[in-house]
Every structure is written in C-alpha cells, then in structure tokens.
file final-v5.txt (compact mmCIF, C-alpha atoms)
# COMPACT_ATOMS: atom_id res chain seq x y z
CA GLY W 1 115.32 1.21 -12.18
CA ASN W 2 112.98 1.41 -9.22
CA VAL W 3 110.11 3.92 -9.33
CA THR W 4 108.71 5.38 -6.21
CA ALA W 5 105.15 6.82 -6.55
CA THR W 6 102.80 8.39 -4.12
CA VAL W 7 99.05 7.93 -4.81
CA TYR W 8 96.94 10.68 -3.42
CA GLY W 9 93.43 10.00 -2.12
CA LEU W 10 91.09 9.34 -4.99
CA ALA W 11 87.50 8.41 -5.35
CA GLU W 12 86.65 4.77 -5.25
CA GLY W 13 86.92 3.06 -8.66
CA LEU W 14 89.41 2.83 -11.58
CA THR W 15 91.84 5.70 -12.28
CA ASN W 16 95.16 6.43 -14.06
CA VAL W 17 98.35 7.33 -12.11
CA THR W 18 101.35 9.02 -13.81
CA CYS W 19 104.78 8.19 -12.40
CA ILE W 20 108.04 10.15 -13.25
CA ALA W 21 111.36 8.31 -13.01
CA GLU W 22 114.67 9.91 -11.89
CA ASN W 23 115.82 10.13 -15.47
CA GLY W 24 112.67 12.09 -16.31
CA GLU W 25 110.73 9.33 -18.05
CA LYS W 26 107.00 9.09 -17.40
CA ALA W 27 104.85 5.99 -17.00
CA VAL W 28 101.04 5.77 -16.63
CA PHE W 29 99.52 3.02 -14.48
CA ARG W 30 95.85 2.09 -14.13
CA ILE W 31 94.96 1.54 -10.48
CA LYS W 32 91.74 0.26 -8.96
CA VAL W 33 91.02 2.06 -5.70
CA SER W 34 88.88 0.26 -3.12
CA GLY W 35 86.85 1.93 -0.40
CA GLU W 36 89.30 0.84 2.34
CA ASN W 37 92.23 2.95 1.00
CA VAL W 38 90.48 6.18 0.05
CA PHE W 39 91.95 9.38 1.57
CA PRO W 40 91.02 12.99 1.08
CA SER W 41 92.31 14.30 -2.22
CA GLU W 42 95.20 16.78 -1.98
CA GLU W 43 96.13 17.26 -5.64
CA PRO W 44 93.95 17.11 -8.69
CA SER W 45 94.72 14.63 -11.41
CA GLU W 46 96.94 16.11 -14.11
CA GLU W 47 96.01 13.92 -17.02
CA PRO W 48 92.43 12.67 -16.92
CA SER W 49 91.76 9.85 -19.28
CA ALA W 50 88.64 9.21 -21.32
CA GLU W 51 88.96 5.43 -20.97
CA PRO W 52 87.86 5.05 -17.31
CA SER W 53 84.53 6.66 -18.08
CA ALA W 54 83.64 3.91 -20.49
CA GLU W 55 83.89 0.95 -18.13
CA PRO W 56 81.92 2.40 -15.18
CA SER W 57 79.21 3.53 -17.54
CA ALA W 58 78.91 0.02 -18.84
CA GLU W 59 78.51 -1.36 -15.32
CA ALA W 60 75.96 1.31 -14.42
CA SER W 61 73.97 0.64 -17.55
CA GLU W 62 73.90 -3.12 -17.08
CA GLU W 63 72.89 -3.39 -13.41
CA PRO W 64 69.88 -1.04 -13.37
CA SER W 65 68.58 -2.44 -16.68
CA ALA W 66 68.33 -5.92 -15.18
CA GLU W 67 66.31 -4.65 -12.24
CA ALA W 68 64.05 -2.50 -14.40
CA SER W 69 63.23 -5.39 -16.72
CA THR W 70 62.12 -7.72 -13.93
CA GLU W 71 60.42 -5.63 -11.23
CA PRO W 72 57.87 -3.60 -13.28
CA SER W 73 56.77 -6.70 -15.22
CA THR W 74 55.30 -8.37 -12.12
CA ALA W 75 53.42 -5.35 -10.68
CA PRO W 76 50.71 -4.93 -13.37
CA SER W 77 49.82 -8.64 -13.27
CA GLU W 78 48.70 -8.34 -9.62
CA SER W 79 46.38 -5.33 -10.04
CA PRO W 80 43.38 -7.13 -11.68
CA SER W 81 43.03 -9.51 -8.74
CA SER W 82 43.28 -6.82 -6.06
CA ASN W 83 41.11 -4.24 -7.91
CA PRO W 84 38.30 -6.07 -9.79
CA VAL W 85 36.41 -4.13 -12.44
CA THR W 86 32.99 -2.94 -11.18
CA PRO W 87 30.18 -3.59 -13.71
CA PRO W 88 28.09 -0.56 -14.74
CA ALA W 89 24.91 0.09 -12.70
CA VAL W 90 21.66 -1.21 -14.22
CA GLU W 91 18.94 1.43 -14.64
CA LYS W 92 15.75 0.21 -12.93
CA LEU W 93 12.35 0.14 -14.63
CA VAL W 94 8.92 1.23 -13.39
CA GLN W 95 6.93 -1.74 -12.10
CA SER W 96 3.25 -1.48 -13.00
CA ILE W 97 0.41 -3.39 -11.30
CA THR W 98 -2.70 -4.47 -13.18
CA VAL W 99 -5.85 -4.88 -11.08
CA LYS W 100 -9.53 -3.88 -11.26
CA SER W 101 -10.20 -0.48 -9.71
CA VAL W 102 -13.60 -1.53 -8.29
CA ILE W 103 -14.97 -4.95 -7.39
CA THR W 104 -18.61 -5.35 -6.30
CA LYS W 105 -19.70 -8.37 -4.30
CA ALA W 106 -22.73 -9.42 -2.29
CA ALA W 107 -22.37 -10.00 1.44
CA ASN W 108 -22.86 -13.75 1.04
CA ALA W 109 -20.34 -14.14 -1.80
CA ALA W 110 -17.62 -16.79 -1.51
CA ALA W 111 -13.96 -15.93 -0.98
CA PHE W 112 -12.24 -14.74 -4.14
CA ASP W 113 -8.82 -13.74 -5.50
CA ILE W 114 -8.05 -10.05 -6.03
CA GLY W 115 -6.37 -11.04 -9.30
CA ALA W 116 -3.52 -8.51 -9.41
CA THR W 117 -0.53 -9.00 -11.72
CA THR W 118 2.72 -7.10 -12.31
CA ASN W 119 4.95 -6.59 -15.34
CA GLY W 120 8.02 -6.94 -13.11
CA ASN W 121 9.35 -9.65 -10.82
CA GLY W 122 8.41 -8.08 -7.48
CA VAL W 123 6.54 -10.06 -4.84
CA LEU W 124 2.89 -8.95 -4.46
CA THR W 125 1.39 -8.50 -0.98
CA TYR W 126 -2.06 -7.26 0.08
CA THR W 127 -3.62 -5.31 2.97
CA SER W 128 -7.21 -4.28 3.77
CA SER W 129 -8.33 -0.90 5.10
CA ASN W 130 -11.33 -2.47 6.86
CA GLU W 131 -11.01 -6.05 8.08
CA ASN W 132 -14.63 -5.94 9.34
CA VAL W 133 -15.83 -5.66 5.75
CA VAL W 134 -13.18 -7.57 3.79
CA SER W 135 -10.16 -9.46 5.04
CA VAL W 136 -7.35 -10.43 2.68
CA THR W 137 -4.39 -12.78 2.91
CA ALA W 138 -0.85 -11.80 1.94
CA ALA W 139 -1.37 -13.94 -1.19
CA GLY W 140 -4.42 -11.88 -2.25
CA LYS W 141 -7.41 -14.05 -1.28
CA ALA W 142 -10.29 -11.87 -0.02
CA THR W 143 -13.06 -12.97 2.35
CA ILE W 144 -16.31 -11.01 2.80
CA LYS W 145 -17.16 -10.22 6.42
CA SER W 146 -20.03 -7.73 6.17
CA CYS W 147 -21.66 -5.04 4.05
CA GLY W 148 -19.68 -1.88 3.38
CA ILE W 149 -16.63 -0.59 1.52
CA ALA W 150 -12.99 -1.53 1.97
CA THR W 151 -9.84 -0.57 0.08
CA ILE W 152 -7.32 -3.27 -0.74
CA THR W 153 -3.74 -2.07 -1.28
CA VAL W 154 -1.57 -4.20 -3.54
CA PHE W 155 2.18 -3.73 -3.01
CA ALA W 156 4.92 -4.93 -5.40
CA SER W 157 8.38 -5.19 -3.80
CA GLU W 158 11.51 -3.64 -5.30
CA THR W 159 13.95 -5.88 -7.19
CA ASP W 160 17.34 -5.52 -8.88
CA THR W 161 15.65 -4.39 -12.10
CA TYR W 162 12.32 -2.83 -10.97
CA TYR W 163 11.28 -0.12 -8.52
CA ALA W 164 8.63 -0.87 -5.87
CA ASN W 165 5.05 0.22 -6.60
CA SER W 166 1.51 -0.07 -5.24
CA ALA W 167 -2.07 0.03 -6.46
CA THR W 168 -5.50 0.07 -4.80
CA VAL W 169 -8.79 -1.64 -5.50
CA THR W 170 -12.11 -0.67 -3.92
CA ILE W 171 -14.28 -3.54 -2.73
CA LYS W 172 -17.98 -2.67 -2.46
CA VAL W 173 -19.96 -5.25 -0.51
CA SER W 174 -23.70 -4.87 -0.95
CA PRO W 175 -26.36 -6.59 1.21
CA LYS W 176 -27.36 -10.09 0.27
CA LYS W 177 -30.62 -10.71 -1.58
CA ALA W 178 -33.65 -9.94 0.62
CA THR W 179 -36.42 -12.44 1.29
CA LEU W 180 -40.18 -11.68 1.37
CA THR W 181 -41.93 -14.03 3.80
CA SER W 182 -45.56 -12.98 3.13
CA VAL W 183 -47.84 -10.38 1.49
CA LYS W 184 -51.48 -10.36 2.66
CA ASN W 185 -54.57 -8.27 1.87
CA LYS W 186 -56.03 -6.66 4.97
CA LYS W 187 -59.46 -5.07 5.40
CA GLY W 188 -59.66 -1.48 4.17
CA ARG W 189 -57.66 -1.97 0.92
CA LYS W 190 -54.42 -2.63 2.72
CA LEU W 191 -51.40 -4.89 2.27
CA LEU W 192 -49.37 -6.32 5.15
CA ILE W 193 -45.83 -7.03 3.91
CA LYS W 194 -43.34 -9.13 5.92
CA TRP W 195 -39.72 -10.04 5.25
CA LYS W 196 -36.69 -11.73 6.79
CA LYS W 197 -34.50 -9.53 9.02
CA ASP W 198 -30.90 -8.76 8.10
CA LYS W 199 -29.00 -7.20 11.02
CA THR W 200 -25.97 -6.24 8.86
CA VAL W 201 -27.91 -3.66 6.80
CA THR W 202 -29.09 -0.10 7.37
CA GLY W 203 -32.69 -0.62 6.23
CA TYR W 204 -35.00 -1.84 3.46
CA GLN W 205 -36.64 -0.53 0.31
CA ILE W 206 -40.10 -1.84 -0.73
CA LYS W 207 -41.59 -1.37 -4.21
CA TYR W 208 -45.18 -2.18 -5.06
CA SER W 209 -47.17 -1.68 -8.27
CA TYR W 210 -50.36 -2.86 -9.96
CA VAL W 211 -48.22 -3.27 -13.12
CA LYS W 212 -46.07 -6.39 -13.38
CA LYS W 213 -43.15 -4.53 -15.02
CA PHE W 214 -42.97 -1.94 -12.21
CA THR W 215 -43.12 1.05 -14.57
CA ALA W 216 -42.05 4.23 -12.81
CA LYS W 217 -45.37 6.12 -13.01
CA LYS W 218 -47.35 3.20 -11.62
CA THR W 219 -44.91 2.10 -8.92
CA LYS W 220 -44.52 3.40 -5.37
CA THR W 221 -41.51 3.07 -3.08
CA VAL W 222 -41.48 2.77 0.71
CA THR W 223 -38.22 3.08 2.70
CA VAL W 224 -37.83 1.35 6.05
CA LYS W 225 -34.95 2.98 7.97
CA LYS W 226 -34.36 0.36 10.66
CA ALA W 227 -32.76 -3.03 10.14
CA VAL W 228 -34.78 -4.57 13.00
CA THR W 229 -38.13 -3.77 11.33
CA VAL W 230 -39.59 -6.80 9.56
CA LYS W 231 -43.10 -5.71 8.46
CA LYS W 232 -44.94 -2.82 6.82
CA LEU W 233 -48.64 -1.99 6.28
CA VAL W 234 -49.44 -0.30 2.93
CA LYS W 235 -52.73 1.60 2.66
CA LYS W 236 -55.08 3.21 0.08
CA LEU W 237 -54.83 0.55 -2.58
CA LYS W 238 -57.28 0.03 -5.44
CA LYS W 239 -59.88 -2.61 -4.77
CA GLY W 240 -60.06 -5.40 -7.34
CA LYS W 241 -56.51 -4.82 -8.58
CA TYR W 242 -53.56 -7.20 -8.41
CA TYR W 243 -50.48 -5.74 -6.73
CA TYR W 244 -46.90 -6.85 -7.24
CA VAL W 245 -44.48 -6.47 -4.33
CA LYS W 246 -40.69 -6.82 -3.98
CA ILE W 247 -38.07 -5.73 -1.42
CA ARG W 248 -34.32 -5.17 -1.13
CA ALA W 249 -31.95 -4.19 1.67
CA TYR W 250 -29.56 -1.25 1.62
CA LYS W 251 -26.41 -0.28 3.47
CA LYS W 252 -25.03 3.24 3.94
CA SER W 253 -21.25 3.62 3.88
CA GLY W 254 -20.28 7.26 4.23
CA SER W 255 -21.98 9.13 1.39
CA THR W 256 -22.51 5.93 -0.60
CA THR W 257 -25.61 3.73 -0.44
CA LEU W 258 -25.15 0.09 -1.39
CA TYR W 259 -28.25 -1.81 -2.50
CA GLY W 260 -28.72 -5.54 -2.46
CA SER W 261 -30.68 -7.55 -5.00
CA PHE W 262 -34.48 -7.49 -5.01
CA SER W 263 -36.40 -10.44 -3.63
CA LYS W 264 -38.71 -12.59 -5.65
CA VAL W 265 -41.94 -10.81 -6.58
CA LYS W 266 -45.19 -11.70 -4.77
CA LYS W 267 -48.62 -10.95 -6.29
CA VAL W 268 -51.79 -10.27 -4.23
CA LYS W 269 -55.33 -9.22 -5.23
CA ILE W 270 -57.04 -6.53 -3.17
CA LYS W 271 -60.39 -8.05 -2.33
CA LYS W 272 -61.36 -6.12 0.77
call {"tool": "encode", "arguments": {"input": "final-v5.txt", "output": "structure tokens"}}
result
Amino acid sequence: GNVTATVYGLAEGLTNVTCIAENGEKAVFRIKVSGENVFPSEEPSEEPSAEPSAEPSAEASEEPSAEASTEPSTAPSESPSSNPVTPPAVEKLVQSITVKSVITKAANAAAFDIGATTNGNGVLTYTSSNENVVSVTAAGKATIKSCGIATITVFASETDTYYANSATVTIKVSPKKATLTSVKNKKGRKLLIKWKKDKTVTGYQIKYSYVKKFTAKKTKTVTVKKAVTVKKLVKKLKKGKYYYVKIRAYKKSGSTTLYGSFSKVKKVKIKK
C-alpha cells in the first residue's frame, strides 16, 4: 500500500530514512539531501548506517589529492629564477709594489721612468711632493727641474682580487758637473781660480793639491758659500811646485747636502 513518510531536516549529503507502514513493516530508503531542502533537525536518526561514510570519504579523498598533486609541483620550479644563488665572496690579496727606494740623478739628466711594478692588476699612478725639483706624469715618467729632493708616491688601485696599496721612492737631484774656466799663478805664490756660475746650487767646493791623486794629507779644501761667486784666490803655495785643482757644486736640502760631480782637473806650476 501507500507509505507516507516525513523527512526531518538533515545535513546536506546522502542519508538513510526508515519508513514504517500501517501494518508495521519497515523499509529503509537512501535519500540525497540538497542544500535547498535542509531544515533544522528535530529528531536524531535512529539507525545510522556505516555505508554513507564510505562514499563521502571517497569524494573527499579524491578532490584534494588532485589539487595537491598539481599546485605544489609548480611552485619550486619558479624559485631559482626569482632567487638566484649568490656566489661566495672572493678573499682579496695584498698588492705589493716593487720600486727602488732611492734614485739619484744629476740636475741635467734626461727624463726617466720611475720603473714601478705590481704583483696585482691595479692601475699605477704617480705624484710628486715637490714639482719644482721633479715632476712626474700619471704614467710614471719623471722630469728633473732643479737640484734638491722630492718624494714620488706610487699608488696601485684596488681591484676585485687585490687591495689598494702605495709605495714611495726618494729622488735625489744633485748639481750638474761644475766647470773650471781658468787657473792662473799670481805673484806672491798665489792661484786665481775661476769657474762657471750655477744659480741652482747653494755653493761650491774647491780642492787643490800638489799631488795628482789628491791624497788626503796633501790636499786642501775651500768652500764657497754663495752660488753667485765665480772666483777664488788661494794663497801661501809652494814655489816651484805643480798644483792640481778641481771644483764641484753642492746643494743643501734640509739636513742633507747633495754634491755634484767634480770638474776636470787643471794643473798649474807656481813660478812666482
């Protein structure tokens, strides 16, 4: 016969409904409840079934697994491009400069190269402490300007693999070789000595001896303290002896005295 059943509000999904006929017979129906027909529950279910739990669990296990298998697989592939690996820092080395500590030149010397080198790959540049004595180009070519002392600083620039560094070289510029113009015997056992003036020096040093080798015990020295002086009269010489004369210029730079080369030797006999 006909069965009239009332379905109380259930949660959305599949569920079992038990119906009781007028003659007392029971029948169980499986009903799928949609969200549009859900009402508040008034009576609890009398006979819960274990079967409905199997099907929803299968749906729940299938849908998330598809999403989990696709979404995480694409994320790691993008990270290398957005976050590149930084290479480890390179430890820099000490850059050493090889150059002579002292260079001595005469005032009339030609331009010359400082001759510095480095064990690294830094660019070398040069500066002078006294451009009036020695000027130097950035490439290291030095030009003599006058007598005196100048310090050249050599600088090596920093690179990706070497630290910057610097070194110094002292340039000592001595007076040029002096020139004797004449040595004459004057009455009264005297010698009149003349030379060419050098306005860049401090003064002159004259040596005279009656021995050709200028041995210390038989040689006398006369110092002329003015650069403008160009002659000197030497007295009390030995009559009948030959005297040998030479001269050189000197330049004072602080506590240092720089001497030029001696002139050619002139020989004169004391006759009167």
call {"tool": "atom_distance", "arguments": {"input": "final-v5.txt", "atom1": "CA of Thr229 (chain W)", "atom2": "CA of Lys207 (chain W)"}}
result
16.1 Å
call {"tool": "atom_distance", "arguments": {"input": "final-v5.txt", "atom1": "CA of Lys184 (chain W)", "atom2": "CA of Val245 (chain W)"}}
result
10.6 Å
call {"tool": "residues_around", "arguments": {"input": "final-v5.txt", "residues": "Thr117 (chain W)", "least_positions_apart": "3", "cutoff": "8 Å", "atoms": "all atoms listed in the file", "output": "VMD selection string"}}
result
chain W and resid 97 to 99
call {"tool": "residues_around", "arguments": {"input": "final-v5.txt", "residues": "region 248-257 of chain W", "least_positions_apart": "6", "cutoff": "9 Å", "atoms": "only C-alpha atoms", "output": "CSV table (one decimal) with C-alpha atoms, in the coordinates of the input"}}
result
chain,number,residue,atom,x,y,z
W,147,CYS,CA,-21.7,-5.0,4.0
W,148,GLY,CA,-19.7,-1.9,3.4
W,149,ILE,CA,-16.6,-0.6,1.5
W,174,SER,CA,-23.7,-4.9,-1.0
W,175,PRO,CA,-26.4,-6.6,1.2
W,176,LYS,CA,-27.4,-10.1,0.3
W,177,LYS,CA,-30.6,-10.7,-1.6
W,178,ALA,CA,-33.6,-9.9,0.6
W,179,THR,CA,-36.4,-12.4,1.3
W,198,ASP,CA,-30.9,-8.8,8.1
W,200,THR,CA,-26.0,-6.2,8.9
W,201,VAL,CA,-27.9,-3.7,6.8
W,202,THR,CA,-29.1,-0.1,7.4
W,203,GLY,CA,-32.7,-0.6,6.2
W,204,TYR,CA,-35.0,-1.8,3.5
W,205,GLN,CA,-36.6,-0.5,0.3
W,206,ILE,CA,-40.1,-1.8,-0.7
W,207,LYS,CA,-41.6,-1.4,-4.2
W,227,ALA,CA,-32.8,-3.0,10.1
W,263,SER,CA,-36.4,-10.4,-3.6
call {"tool": "atom_distance", "arguments": {"input": "final-v5.txt", "atom1": "CA of Thr159 (chain W)", "atom2": "CA of Thr125 (chain W)"}}
result
14.3 Å
call {"tool": "closest_residue", "arguments": {"input": "final-v5.txt", "among": "W:Pro84, W:Gly122, W:Gly260, W:Gly188", "to": "Lys272 (chain W)", "atoms": "only C-alpha atoms"}}
result
W:Gly188
call {"tool": "residues_around", "arguments": {"input": "final-v5.txt", "residues": "Lys196 (chain W)", "least_positions_apart": "5", "cutoff": "7 Å", "atoms": "all atoms listed in the file", "output": "ChimeraX atom specification"}}
result
/W:179-181,230
call {"tool": "closest_residue", "arguments": {"input": "final-v5.txt", "among": "W:Thr151, W:Phe262, W:Ala111, W:Asn83", "to": "Ile171 (chain W)", "atoms": "only C-alpha atoms"}}
result
W:Thr151
call {"tool": "closest_residue", "arguments": {"input": "final-v5.txt", "among": "W:Ile103, W:Asn185, W:Leu192, W:Gln95", "to": "Ala156 (chain W)", "atoms": "all atoms listed in the file"}}
result
W:Gln95
call {"tool": "residues_near_point", "arguments": {"input": "final-v5.txt", "point": "(-13.8, -4.9, -14.0)", "cutoff": "12 Å", "atoms": "only C-alpha atoms", "output": "number ranges by chain"}}
result
W: 98-105, 114-116, 169-171
call {"tool": "closest_atom_pairs", "arguments": {"input": "final-v5.txt", "of": "region 115-203 of chain W", "to": "region 233-241 of chain W", "cutoff": "7 Å", "atoms": "all atoms listed in the file", "output": "JSON lines"}}
result
{"residue": "W:Arg189", "atom": "CA", "partner": "W:Leu237", "partner_atom": "CA", "distance": 5.2}
{"residue": "W:Lys190", "atom": "CA", "partner": "W:Lys235", "partner_atom": "CA", "distance": 4.6}
{"residue": "W:Leu191", "atom": "CA", "partner": "W:Val234", "partner_atom": "CA", "distance": 5.0}
{"residue": "W:Leu192", "atom": "CA", "partner": "W:Leu233", "partner_atom": "CA", "distance": 4.5}
{"residue": "W:Ile193", "atom": "CA", "partner": "W:Leu233", "partner_atom": "CA", "distance": 6.2}
call {"tool": "closest_residue", "arguments": {"input": "final-v5.txt", "among": "W:Gly140, W:Thr18, W:Asn119, W:Trp195", "to": "Leu93 (chain W)", "atoms": "all atoms listed in the file"}}
result
W:Asn119
call {"tool": "residues_around", "arguments": {"input": "final-v5.txt", "residues": "Tyr244 (chain W)", "least_positions_apart": "4", "cutoff": "10 Å", "atoms": "only C-alpha atoms", "output": "ChimeraX atom specification"}}
result
/W:183,207-214,219,265-269
call {"tool": "write_last_selection", "arguments": {"input": "final-v5.txt", "atoms": "C-alpha atoms", "output": "compact mmCIF listing (two decimals), keeping the file's coordinate frame"}}
result
# COMPACT_ATOMS: atom_id res chain seq x y z
CA VAL W 183 -47.84 -10.38 1.49
CA LYS W 207 -41.59 -1.37 -4.21
CA TYR W 208 -45.18 -2.18 -5.06
CA SER W 209 -47.17 -1.68 -8.27
CA TYR W 210 -50.36 -2.86 -9.96
CA VAL W 211 -48.22 -3.27 -13.12
CA LYS W 212 -46.07 -6.39 -13.38
CA LYS W 213 -43.15 -4.53 -15.02
CA PHE W 214 -42.97 -1.94 -12.21
CA THR W 219 -44.91 2.10 -8.92
CA VAL W 265 -41.94 -10.81 -6.58
CA LYS W 266 -45.19 -11.70 -4.77
CA LYS W 267 -48.62 -10.95 -6.29
CA VAL W 268 -51.79 -10.27 -4.23
CA LYS W 269 -55.33 -9.22 -5.23
call {"tool": "closest_residue", "arguments": {"input": "final-v5.txt", "among": "W:Ser129, W:Thr143, W:Thr168, W:Ser261", "to": "Ala110 (chain W)", "atoms": "all atoms listed in the file"}}
result
W:Thr143
